[in-house]
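Structure file start.txt (compact mmCIF, C-alpha atoms and all ligand atoms) follows.
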# COMPACT_ATOMS: atom_id res chain seq x y z
CA MET W 262 108.41 91.13 98.66
CA CYS W 263 107.58 94.26 100.60
CA LEU W 264 110.15 96.35 98.80
CA GLY W 265 108.04 98.72 96.75
CA ILE W 266 109.83 101.09 94.43
CA PRO W 267 108.83 104.24 92.57
CA GLY W 268 108.64 104.13 88.81
CA ARG W 269 107.23 106.31 86.04
CA ILE W 270 104.20 105.31 83.99
CA VAL W 271 105.27 105.32 80.35
CA ASP W 272 102.26 103.57 78.86
CA ARG W 273 98.75 102.87 80.00
CA ASP W 274 96.19 100.54 78.49
CA GLY W 275 93.08 100.32 80.64
CA GLU W 276 93.90 98.59 83.91
CA MET W 277 97.42 97.66 82.91
CA GLY W 278 100.39 99.93 82.28
CA MET W 279 104.09 99.92 81.61
CA VAL W 280 106.24 101.41 84.38
CA ASP W 281 109.84 102.51 83.95
CA PHE W 282 112.16 101.87 86.91
CA ASP W 283 115.28 103.74 85.95
CA GLY W 284 115.51 102.03 82.58
CA LEU W 285 113.97 98.71 83.53
CA ARG W 286 110.39 98.47 82.26
CA ARG W 287 107.78 96.25 83.80
CA GLU W 288 104.09 95.76 83.41
CA ALA W 289 102.02 96.89 86.37
CA CYS W 290 98.34 96.71 87.23
CA LEU W 291 96.95 100.23 87.70
CA SER W 292 93.46 99.25 88.94
CA TYR W 293 94.11 100.71 92.38
CA THR W 294 95.44 104.03 91.05
CA PRO W 295 92.77 105.04 88.51
CA GLU W 296 93.86 108.67 88.91
CA ALA W 297 97.40 107.92 87.65
CA ARG W 298 98.31 109.50 84.32
CA LEU W 299 101.12 108.98 81.86
CA GLY W 300 104.31 110.44 83.32
CA ASP W 301 103.18 110.06 86.95
CA TYR W 302 105.40 108.27 89.44
CA VAL W 303 103.79 105.35 91.24
CA ILE W 304 104.95 103.01 94.00
CA VAL W 305 104.76 99.47 92.67
CA HIS W 306 104.48 96.35 94.83
CA VAL W 307 104.41 92.86 93.32
CA GLY W 308 103.16 94.20 90.01
CA PHE W 309 100.54 96.58 91.42
CA ALA W 310 100.69 100.36 91.74
CA ILE W 311 99.52 101.11 95.30
CA SER W 312 100.16 104.85 95.45
CA VAL W 313 100.69 107.82 93.13
CA LEU W 314 103.62 109.96 94.26
CA ASP W 315 102.53 113.46 95.17
CA GLU W 316 105.14 115.71 93.57
CA ASP W 317 104.24 118.73 95.69
CA GLU W 318 104.71 116.72 98.87
CA ALA W 319 107.95 115.28 97.54
CA LEU W 320 109.29 118.79 96.92
CA ARG W 321 108.06 119.97 100.30
CA THR W 322 109.86 117.13 102.13
CA LEU W 323 113.06 117.89 100.23
CA ALA W 324 112.76 121.60 101.05
CA VAL W 325 112.43 120.76 104.76
CA LEU W 326 115.48 118.50 104.57
CA ARG W 327 117.53 121.07 102.68
CA ALA W 328 116.63 123.76 105.19
CA ILE W 329 118.41 121.88 107.98
CA PRO W 330 121.43 124.02 108.86
CA GLY W 331 124.67 122.69 107.42
CA GLY W 332 127.07 124.16 109.95
CA LEU W 333 127.87 120.72 111.26
CA ASP W 334 128.79 119.13 107.93
CA GLU W 335 132.26 118.26 109.19
CA ILE W 336 130.79 115.63 111.55
CA SER W 337 132.34 112.34 110.58
CA GLY W 338 130.07 109.58 109.42
CA MET B 9 116.59 108.21 89.57
CA ARG B 10 114.09 110.85 90.54
CA TYR B 11 112.45 110.27 93.95
CA LEU B 12 115.22 107.92 94.94
CA ASP B 13 118.55 109.72 94.57
CA GLU B 14 117.38 112.88 96.34
CA TYR B 15 116.56 110.83 99.42
CA ARG B 16 120.02 109.26 99.51
CA ASP B 17 122.03 112.51 99.64
CA PRO B 18 124.95 111.92 102.06
CA VAL B 19 125.37 115.61 102.92
CA LEU B 20 121.76 115.93 104.02
CA ALA B 21 122.07 112.60 105.86
CA ARG B 22 124.97 113.96 107.92
CA ARG B 23 122.95 117.06 108.79
CA LEU B 24 120.02 114.93 109.90
CA ILE B 25 122.33 112.78 112.03
CA ALA B 26 123.66 115.96 113.67
CA GLU B 27 120.08 117.09 114.32
CA ILE B 28 119.19 113.76 115.92
CA ARG B 29 122.33 113.90 118.09
CA ALA B 30 121.41 117.40 119.19
CA ALA B 31 117.75 116.59 119.84
CA ALA B 32 118.06 113.31 121.77
CA THR B 33 118.75 113.80 125.47
CA ARG B 34 118.15 110.12 126.22
CA PRO B 35 118.92 106.83 124.42
CA TRP B 36 115.35 106.34 123.24
CA SER B 37 114.33 102.95 121.81
CA ILE B 38 112.65 103.26 118.44
CA MET B 39 111.32 100.27 116.54
CA GLU B 40 111.24 100.30 112.76
CA VAL B 41 108.40 97.96 111.92
CA CYS B 42 109.17 97.04 108.34
CA GLY B 43 111.93 94.73 107.15
CA GLY B 44 112.62 97.01 104.18
CA GLN B 45 113.44 99.76 106.66
CA THR B 46 115.62 97.37 108.69
CA HIS B 47 117.51 96.58 105.52
CA THR B 48 118.28 100.28 104.82
CA ILE B 49 119.16 101.04 108.46
CA VAL B 50 121.57 98.13 108.82
CA ARG B 51 123.12 98.43 105.35
CA GLN B 52 123.78 102.15 105.82
CA GLY B 53 124.84 101.66 109.42
CA ILE B 54 122.34 104.34 110.49
CA ASP B 55 121.80 102.65 113.87
CA GLU B 56 125.53 102.94 114.61
CA LEU B 57 125.64 106.69 113.94
CA ILE B 58 122.86 107.93 116.18
CA PRO B 59 122.39 107.99 119.96
CA VAL B 60 119.10 106.11 119.66
CA ARG B 61 118.58 102.37 120.07
CA MET B 62 116.98 101.06 116.89
CA VAL B 63 114.91 97.95 117.59
CA HIS B 64 114.16 95.82 114.55
CA GLY B 65 110.54 94.83 114.25
CA PRO B 66 108.64 91.83 112.92
CA GLY B 67 108.04 93.37 109.50
CA CYS B 68 109.22 90.64 107.19
CA PRO B 69 106.34 88.55 105.78
CA VAL B 70 108.75 85.78 104.86
CA CYS B 71 109.86 85.53 108.48
CA VAL B 72 106.44 85.41 110.14
CA THR B 73 104.71 82.92 107.82
CA PRO B 74 104.04 79.95 110.14
CA LEU B 75 106.19 76.88 109.79
CA ALA B 76 103.07 74.69 109.46
CA THR B 77 102.00 76.82 106.49
CA ILE B 78 105.39 76.32 104.82
CA ASP B 79 105.03 72.57 105.41
CA ARG B 80 101.52 72.69 103.93
CA ALA B 81 102.91 74.52 100.88
CA LEU B 82 105.57 71.83 100.50
CA ALA B 83 102.99 69.05 100.68
CA ILE B 84 100.77 70.73 98.08
CA ALA B 85 103.73 71.52 95.80
CA ALA B 86 104.75 67.85 95.84
CA ARG B 87 101.49 66.76 94.19
CA PRO B 88 101.98 65.83 90.52
CA GLU B 89 98.98 67.81 89.25
CA VAL B 90 100.09 71.03 90.94
CA ILE B 91 102.00 74.01 89.60
CA PHE B 92 102.97 75.82 92.80
CA THR B 93 103.61 79.53 92.31
CA SER B 94 105.18 81.90 94.80
CA PHE B 95 107.05 85.15 95.28
CA GLY B 96 110.75 84.36 94.97
CA ASP B 97 111.71 85.10 98.53
CA MET B 98 109.49 82.32 99.94
CA LEU B 99 111.45 79.58 98.15
CA ARG B 100 114.29 79.24 100.63
CA VAL B 101 112.25 79.56 103.82
CA PRO B 102 112.88 76.42 105.84
CA GLY B 103 109.87 74.36 106.80
CA SER B 104 110.36 71.66 109.41
CA GLY B 105 112.24 69.45 106.97
CA SER B 106 112.75 71.13 103.64
CA ASP B 107 112.08 74.24 101.58
CA LEU B 108 110.36 74.95 98.25
CA LEU B 109 113.64 75.28 96.37
CA SER B 110 114.71 71.78 97.42
CA ALA B 111 111.25 70.49 96.56
CA LYS B 112 111.73 71.96 93.09
CA ALA B 113 115.12 70.27 92.78
CA ARG B 114 113.38 66.99 93.66
CA GLY B 115 110.99 67.48 90.74
CA ALA B 116 108.08 69.50 92.11
CA ASP B 117 106.75 72.09 89.67
CA VAL B 118 107.50 75.24 91.68
CA ARG B 119 107.55 78.53 89.79
CA VAL B 120 108.46 82.04 90.89
CA VAL B 121 106.05 84.76 89.83
CA TYR B 122 106.55 88.52 90.05
CA SER B 123 102.85 89.39 90.21
CA PRO B 124 99.98 87.23 91.49
CA LEU B 125 98.30 87.91 88.13
CA ASP B 126 101.07 85.84 86.50
CA ALA B 127 99.78 82.86 88.49
CA VAL B 128 96.21 83.49 87.26
CA ARG B 129 97.54 83.59 83.70
CA LEU B 130 99.32 80.28 84.22
CA ALA B 131 96.03 78.72 85.31
CA GLY B 132 94.44 79.99 82.12
CA THR B 133 97.13 78.51 79.91
CA HIS B 134 97.36 75.19 81.82
CA PRO B 135 93.75 74.02 82.15
CA ASP B 136 94.93 70.45 82.80
CA ARG B 137 96.96 71.45 85.88
CA GLN B 138 96.09 72.83 89.31
CA VAL B 139 97.78 76.22 89.78
CA VAL B 140 98.25 77.19 93.43
CA PHE B 141 99.51 80.63 94.44
CA PHE B 142 101.15 81.19 97.82
CA ALA B 143 99.30 84.35 98.90
CA VAL B 144 101.48 85.66 101.70
CA GLY B 145 102.42 89.09 102.92
CA PHE B 146 101.33 92.18 104.76
CA GLU B 147 98.79 94.79 103.71
CA THR B 148 101.16 95.71 100.86
CA THR B 149 100.61 92.48 98.94
CA ALA B 150 96.98 91.93 100.01
CA PRO B 151 95.50 94.16 97.25
CA ALA B 152 97.47 92.26 94.60
CA ASN B 153 96.51 88.88 96.03
CA ALA B 154 92.87 89.98 96.30
CA MET B 155 92.89 90.98 92.63
CA ALA B 156 94.24 87.57 91.65
CA VAL B 157 91.26 85.91 93.35
CA LEU B 158 88.81 88.39 91.80
CA ARG B 159 90.23 87.75 88.32
CA ALA B 160 90.13 83.99 88.80
CA ALA B 161 86.49 84.25 89.93
CA GLU B 162 85.63 86.43 86.93
CA GLU B 163 87.27 83.98 84.56
CA ARG B 164 85.70 81.02 86.43
CA LEU B 165 89.05 79.31 86.70
CA ALA B 166 88.35 76.00 88.42
CA ASN B 167 92.05 75.10 88.48
CA PHE B 168 93.27 78.12 90.44
CA SER B 169 93.55 78.40 94.21
CA VAL B 170 95.47 80.36 96.80
CA LEU B 171 97.23 79.24 99.98
CA VAL B 172 96.63 82.29 102.16
CA SER B 173 98.87 83.43 104.99
CA HIS B 174 98.25 87.14 105.39
CA VAL B 175 99.25 89.20 108.40
CA LEU B 176 98.14 92.65 109.53
CA VAL B 177 100.63 95.06 111.01
CA PRO B 178 98.69 97.23 113.53
CA PRO B 179 97.60 94.29 115.77
CA ALA B 180 101.21 93.10 115.88
CA MET B 181 102.35 96.60 116.85
CA ALA B 182 99.73 96.64 119.61
CA ALA B 183 101.00 93.25 120.85
CA ILE B 184 104.56 94.59 120.93
CA MET B 185 103.39 97.72 122.78
CA GLU B 186 101.82 95.44 125.39
CA SER B 187 104.96 93.43 126.02
CA ALA B 188 108.13 95.24 124.94
CA SER B 189 109.59 98.52 126.04
CA VAL B 190 109.81 100.50 122.85
CA ASP B 191 109.48 104.28 123.13
CA ALA B 192 108.36 105.04 119.58
CA PHE B 193 107.60 103.38 116.26
CA LEU B 194 108.43 104.08 112.65
CA ALA B 195 105.35 102.68 110.91
CA ALA B 196 105.86 100.91 107.59
CA GLY B 197 105.32 103.46 104.84
CA HIS B 198 103.96 101.15 102.21
CA VAL B 199 101.58 99.35 104.55
CA CYS B 200 100.20 102.82 105.31
CA ALA B 201 100.11 103.71 101.59
CA VAL B 202 97.47 100.98 101.36
CA MET B 203 95.72 101.24 104.74
CA GLY B 204 96.32 104.83 105.80
CA TRP B 205 97.16 105.57 109.42
CA THR B 206 93.83 106.04 111.19
CA GLU B 207 94.27 102.64 112.91
CA TYR B 208 97.41 103.95 114.60
CA GLU B 209 95.84 107.03 116.13
CA PRO B 210 94.17 105.23 119.08
CA LEU B 211 97.33 103.14 119.61
CA ALA B 212 99.55 106.22 119.92
CA VAL B 213 97.22 107.72 122.52
CA ARG B 214 96.55 104.53 124.48
CA TYR B 215 100.19 103.43 124.77
CA ARG B 216 101.68 106.94 124.78
CA VAL B 217 104.02 106.15 121.90
CA PRO B 218 104.81 108.43 118.98
CA ILE B 219 104.24 106.69 115.65
CA VAL B 220 105.83 108.17 112.54
CA VAL B 221 104.79 106.85 109.14
CA THR B 222 108.17 106.56 107.42
CA GLY B 223 109.59 105.81 103.99
CA PHE B 224 112.47 103.57 103.00
CA GLU B 225 115.36 105.69 101.79
CA PRO B 226 118.13 106.77 104.19
CA LEU B 227 116.86 110.37 104.47
CA ASP B 228 113.30 109.13 105.03
CA LEU B 229 114.45 106.96 107.93
CA LEU B 230 116.62 109.67 109.45
CA GLU B 231 113.83 112.23 109.21
CA GLY B 232 111.36 109.70 110.68
CA ILE B 233 113.74 109.05 113.59
CA LEU B 234 114.17 112.80 114.13
CA MET B 235 110.41 113.35 114.15
CA ALA B 236 109.97 110.51 116.67
CA VAL B 237 112.78 111.86 118.89
CA ARG B 238 111.26 115.36 118.84
CA GLN B 239 107.88 113.98 119.90
CA LEU B 240 109.49 112.01 122.72
CA GLU B 241 111.51 114.98 123.93
CA GLU B 242 108.40 117.17 123.89
CA GLU B 243 106.24 114.43 125.43
CA ARG B 244 103.90 114.36 122.48
CA PHE B 245 102.36 111.04 121.48
CA GLY B 246 100.73 111.29 118.09
CA VAL B 247 100.86 109.93 114.58
CA GLU B 248 102.95 111.95 112.13
CA ASN B 249 103.60 111.31 108.46
CA GLN B 250 107.16 111.61 107.23
CA TYR B 251 106.31 109.84 103.95
CA ALA B 252 103.81 112.41 102.71
CA ARG B 253 104.80 111.94 99.08
CA ALA B 254 103.36 108.41 99.07
CA VAL B 255 100.95 108.12 102.00
CA ARG B 256 97.59 109.76 102.68
CA ARG B 257 95.73 109.51 105.97
CA THR B 258 92.97 107.33 104.55
CA GLY B 259 95.33 105.24 102.41
CA ASN B 260 94.27 103.73 99.11
CA THR B 261 90.52 103.13 99.37
CA PHE B 262 90.32 101.23 96.06
CA ALA B 263 92.83 98.72 97.39
CA GLN B 264 91.05 98.52 100.75
CA ASP B 265 87.74 97.77 99.01
CA ALA B 266 89.30 94.83 97.16
CA ILE B 267 90.86 93.48 100.36
CA ARG B 268 87.50 93.73 102.14
CA ARG B 269 85.69 91.96 99.31
CA VAL B 270 88.03 89.00 99.14
CA PHE B 271 89.27 88.55 102.71
CA ARG B 272 88.00 88.46 106.29
CA VAL B 273 90.02 89.37 109.37
CA SER B 274 90.93 86.38 111.53
CA ASP B 275 93.28 85.36 114.32
CA GLN B 276 96.67 84.53 112.93
CA THR B 277 99.79 82.73 114.11
CA TRP B 278 103.02 84.63 113.50
CA ARG B 279 106.07 82.43 113.18
CA GLY B 280 108.32 83.02 116.16
CA ILE B 281 105.74 85.17 117.96
CA GLY B 282 102.62 83.06 118.33
CA GLU B 283 98.96 83.77 117.82
CA ILE B 284 97.83 87.41 117.74
CA PRO B 285 94.05 88.06 117.77
CA ALA B 286 92.56 89.60 114.60
CA SER B 287 95.98 89.93 112.99
CA GLY B 288 95.48 87.99 109.78
CA LEU B 289 93.32 87.60 106.70
CA VAL B 290 91.55 84.52 105.39
CA LEU B 291 89.37 84.14 102.30
CA ALA B 292 85.80 85.39 102.68
CA PRO B 293 83.18 82.60 102.53
CA GLU B 294 82.10 83.49 98.96
CA PHE B 295 85.64 82.82 97.75
CA ALA B 296 86.13 79.61 99.74
CA ALA B 297 86.20 77.64 96.48
CA PHE B 298 89.63 79.21 95.83
CA ASP B 299 91.13 78.06 99.12
CA ALA B 300 94.04 75.70 98.46
CA ALA B 301 94.00 74.59 102.10
CA GLU B 302 90.46 73.24 101.52
CA ARG B 303 91.12 71.84 98.07
CA PHE B 304 94.19 69.79 99.00
CA THR B 305 94.02 67.73 102.18
CA VAL B 306 97.33 67.64 103.97
CA GLY B 307 97.81 65.68 107.17
CA GLY B 308 100.35 65.47 109.94
CA LEU B 309 101.61 69.04 110.08
CA SER B 310 103.86 69.64 113.04
CA ALA B 311 105.70 72.79 113.89
CA ASP B 312 109.18 72.14 115.14
CA GLU B 313 111.56 75.04 114.81
CA HIS B 314 115.26 74.39 114.67
CA PRO B 315 116.39 74.38 118.31
CA GLY B 316 119.37 76.65 117.54
CA CYS B 317 117.20 79.48 116.21
CA ILE B 318 116.06 82.42 118.35
CA ALA B 319 113.87 83.97 115.64
CA GLY B 320 111.04 84.65 118.10
CA GLU B 321 113.15 86.99 120.20
CA ILE B 322 114.51 88.65 117.08
CA LEU B 323 111.05 89.26 115.61
CA ARG B 324 109.84 90.74 118.90
CA GLY B 325 112.90 92.98 119.05
CA THR B 326 114.15 91.62 122.39
CA LEU B 327 117.40 90.17 120.98
CA THR B 328 119.52 90.88 117.90
CA PRO B 329 121.09 88.36 115.51
CA LEU B 330 124.42 88.95 117.26
CA ASP B 331 122.90 87.26 120.31
CA CYS B 332 122.32 84.04 118.32
CA ALA B 333 124.99 81.35 118.63
CA SER B 334 124.12 80.01 115.18
CA TYR B 335 124.44 83.40 113.44
CA GLY B 336 127.06 83.39 110.70
CA THR B 337 128.23 79.88 111.50
CA LEU B 338 125.48 77.25 111.35
CA CYS B 339 123.10 79.81 109.88
CA THR B 340 123.96 81.90 106.80
CA PRO B 341 121.89 83.24 103.89
CA ARG B 342 123.11 80.28 101.81
CA ARG B 343 122.01 77.78 104.46
CA PRO B 344 119.41 79.49 106.63
CA LEU B 345 118.28 77.74 109.80
CA GLY B 346 115.51 80.22 110.45
CA ALA B 347 113.31 82.47 108.38
CA PRO B 348 114.92 85.83 109.37
CA MET B 349 118.06 84.71 107.54
CA VAL B 350 116.24 84.12 104.25
CA SER B 351 114.96 87.28 102.67
CA ALA B 352 116.83 90.59 102.49
CA GLU B 353 114.01 91.97 104.65
CA GLY B 354 114.84 89.56 107.47
CA THR B 355 116.87 91.06 110.31
CA CYS B 356 119.42 88.22 110.38
CA ALA B 357 120.02 88.45 106.63
CA ALA B 358 120.25 92.25 106.84
CA TYR B 359 122.96 91.93 109.51
CA HIS B 360 124.79 89.23 107.56
CA ASN B 361 124.68 91.16 104.28
CA ALA B 362 126.09 94.20 106.08
CA GLY B 363 128.99 92.09 107.37
CA ARG B 364 128.12 92.43 111.04
CA THR B 365 129.93 89.82 113.14
CA ARG B 366 129.48 88.32 116.56
CA GLN B 367 132.01 89.02 119.29
CA GLU B 368 133.01 85.53 120.31
CA THR B 369 132.54 85.06 124.02
CA SER B 370 134.39 81.81 124.53
S1 LIG O 1 120.80 83.81 112.82
FE1 LIG O 1 119.68 82.09 111.93
S2 LIG O 1 119.43 80.66 113.63
FE2 LIG O 1 119.93 82.65 114.53
S3 LIG O 1 117.96 83.62 114.91
FE3 LIG O 1 118.61 84.32 112.88
S4 LIG O 1 117.63 82.86 111.50
FE4 LIG O 1 117.56 81.90 113.55
Kindly transcribe the structure held in the file into C-alpha cells.
Ligand code: SF4
Amino acid sequence: MCLGIPGRIVDRDGEMGMVDFDGLRREACLSYTPEARLGDYVIVHVGFAISVLDEDEALRTLAVLRAIPGGLDEISG
Amino acid sequence: MRYLDEYRDPVLARRLIAEIRAAATRPWSIMEVCGGQTHTIVRQGIDELIPVRMVHGPGCPVCVTPLATIDRALAIAARPEVIFTSFGDMLRVPGSGSDLLSAKARGADVRVVYSPLDAVRLAGTHPDRQVVFFAVGFETTAPANAMAVLRAAEERLANFSVLVSHVLVPPAMAAIMESASVDAFLAAGHVCAVMGWTEYEPLAVRYRVPIVVTGFEPLDLLEGILMAVRQLEEERFGVENQYARAVRRTGNTFAQDAIRRVFRVSDQTWRGIGEIPASGLVLAPEFAAFDAAERFTVGGLSADEHPGCIAGEILRGTLTPLDCASYGTLCTPRRPLGAPMVSAEGTCAAYHNAGRTRQETS
C-alpha cells in the first residue's frame, strides 16, 4: 500500500481530480495539494495526492546523474 | 512514462554502480527503511552489484501490523452486520488462525477498497450496515485515513468506524539505531514527502549515521546509496535529500495538519519487533466514536506466531529470508506463514518474487 506513483492531473473539480498514470486514469483526492494545477505531476498514495513533483528539481537530479562520467560503461552488470 | 522511465536508465545505473564501487573503501551496511525500496533493490539485484551490505528494514505496514490486530479484524469482519473494508494487501496476512481472504470465502462481507474514501462512500450507501475500514499503514496512508474520519464526521455517519493500526517510522529507526549495527539509512521517500525530514536531523547527529531521503526507482536508490557512502567515507553524519523532486524539508503541512487533528501519538506494538514507545497513532478523543475497537467488543485475543517464522529478525534486519528454514518450502506467497511473505513490500515476498533460493545446508 506504500507504493506511491507519479501521475499527471488531467482534470480537477474542487478537492477531487482525475490523474493519469501512463494511460490508466484514476480519481484522486487533491485536498493535500491545493497548489496542484492541471498538467502537474503528483505522487498518489491510496487515492490521495501527497506531493506535487517539482519539475526543476527533477531536471536537476537527472542532470547530476547524467554528468557522472561514462568511461566505465563496459562494467558488466 | 515521464518521471519514471528516466530514473530506470540502465546506462546511468551502471555508471552509478561504478561510482559506488570506486567510492566505498569498506563494506558499509546501509538499511533501506521502506519495503517499496526493498522491492526495487531485490528485483533489480542492486544489492548483488555493489560492495555495500544492504540491510532490509521494517518498512512494510502489512508486515508490522500486530497479529492481535489481525485477529481483531477477523472477529469484527465475521459479524453479520459488518462490511469490512481494507486495502487489498491486508487480505492474505495470516492472523493466529486465519486471514481476511479465508473469512470472505466463509461468507464474511470483506471488500477491498483503493481509497479510504471508498469506504466512507459505502457507509453512505449502506445505512443499514456497519462499515468498518482497516486503517493501517505508515505516515503515507495516515493523511488518507485521517480524511476518511473527517469526512465521516462531517457527514455524521453513525455506521462508519475505523480499526486503527498506524505506525510511525522515525521511532522505529531510532530503535534500530539503538540495537543494530547499521552504518547509514536510506529514509523512505514518501514518508518524508508527508512528514519532511526534520525529525531525522537529531537522529543523524546523535547516532552518527548518515540518513539519505531516497526515492523508489533504481537510479534513486543507487544515487541514495552513493550519497550515503560518500558521507560515510568523509565521516559526515547528516540528512541529505536524494528525492528532491518529491520531498521538501518540512513535508506536506496540509497532510500533517489532518493527521494531527484526527490522531494522537501512542506507544505501538510492531509485529515481530515488539512495543516501541511513541511509534504509533490512535484516534484522538474527539473522534473516539469512530473507533471500531470500541464499537465492537472482541474477546480472547492471543498472539501466537507460527513457530517456523523468523519475521522478527527479518524486520530488524538481523537475518535475511534465506536464513529461514520455511522460506520457499512451507512458506510461499501463495501460502504465507508470516506477514513478510504477503505483500510485495515484504522482504520475504520480494526475495521470493526475485527467484532467490536458499542454499540447502543438509
Ligand atoms: S519466509 Fe515465511 S516463515 Fe520465513 S520469515 Fe519469511 S514470512 Fe516468516
- request: Could you please determine the separation between atom CA of Ala116 of chain B and atom CA of Pro88 of chain B in Å, to one decimal place?
  value: 7.3 Å
- request: Enumerate as a PyMOL selection string the residues belonging to chain B that approach chain W to within 6 Å, with all atoms listed in the file taken into account.
  value: chain B and resi 9+44+122-123+252-254+262-263
task: Would you list the residues that come within 9 Å of ligand LIG 1 (chain O)? Count only C-alpha atoms and all ligand atoms and give the answer as a ChimeraX atom specification.
output: /B:71,314-323,327-341,343-350,354-357,360
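Taking atom CA of Ala195 of chain B as the reference point, atom CA of Tyr251 of chain B is found at 10.0 Å.
Minimum atom-to-atom distance to Gly96 of chain B, evaluated using all atoms listed in the file, belongs to B:Ala352 out of B:Ala76, B:Ala352, B:Ala32, B:Val139.
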- prompt: Hey, can you check how far atom CA of Gly145 of chain B sits from atom CA of Val199 of chain B?
  reply: 10.4 Å
task: Extract, using only C-alpha atoms, all DNA, RNA and protein residues at most 12 Å from Glu186 of chain B, discarding same-chain residues fewer than 4 positions from it, and format them as a list in words.
output: Pro179, Ala180, Met181, Ala182, Val190, Asp191, Leu211, Arg214, Tyr215, Arg216, Val217, Ile284 and Arg324 of chain B
message: At a cut-off of 10 Å, using only C-alpha atoms, what residues contact Glu283 of chain B? Leave out same-chain residues fewer than 6 positions from it and give the result as a list in words.
response: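 Residues meeting the cut-off are Pro74, Ala180, Asp275, Gln276 and Thr277 of chain B.
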task: Skip Asp136 of chain B itself and residues of its chain fewer than 2 positions away, then list as a list in words all residues within 9 Å of it, counting all atoms listed in the file.
output: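 The residues satisfying every condition are Glu89, Ala131, Thr133, His134, Gln138 and Asn167 of chain B.
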So that I have them on file, write out the residues from the current selection with C-alpha atoms, as an mmCIF file, in the frame of the given file.
data_model
loop_
_atom_site.group_PDB
_atom_site.id
_atom_site.type_symbol
_atom_site.label_atom_id
_atom_site.label_comp_id
_atom_site.auth_asym_id
_atom_site.auth_seq_id
_atom_site.Cartn_x
_atom_site.Cartn_y
_atom_site.Cartn_z
ATOM 1 C CA GLU B 89 98.980 67.810 89.250
ATOM 2 C CA ALA B 131 96.030 78.720 85.310
ATOM 3 C CA THR B 133 97.130 78.510 79.910
ATOM 4 C CA HIS B 134 97.360 75.190 81.820
ATOM 5 C CA GLN B 138 96.090 72.830 89.310
ATOM 6 C CA ASN B 167 92.050 75.100 88.480
#
- request: For Val247 of chain B, please output as a PyMOL selection string all residues within 8 Å (counting all atoms listed in the file; exclusion window: fewer than 3 positions along the same chain).
  value: chain B and resi 205+208-209+212+218-221
message: Residues within 10 Å of Glu294 of chain B, please, as a ChimeraX atom specification. Count all atoms listed in the file; anything in the same chain fewer than 6 positions from it doesn't count.
response: /B:269-271
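Proximity ranking of B:Arg279, B:Thr365, B:Ala113, B:Thr46 relative to Glu313 of chain B places B:Arg279 first, based on only C-alpha atoms.
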- prompt: Of the residues B:Phe92, B:Phe193, B:Tyr359, B:Phe245, which is the one nearest to Leu171 of chain B, using only C-alpha atoms?
  reply: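 Selected residue with least distance to Leu171 of chain B: B:Phe92.
Residue nearest Val290 of chain B within the list B:Glu162, B:Val177, B:Gln52, B:Val172: B:Val172 [criterion: smallest interatomic distance, all atoms listed in the file].
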Padded axis-aligned box of segment 289-294 of chain W (6 Å per side), centre and edge lengths, Å, one decimal, as AutoDock Vina command-line options:
--center_x 97.7 --center_y 100.4 --center_z 89.4 --size_x 20.6 --size_y 19.3 --size_z 18.0
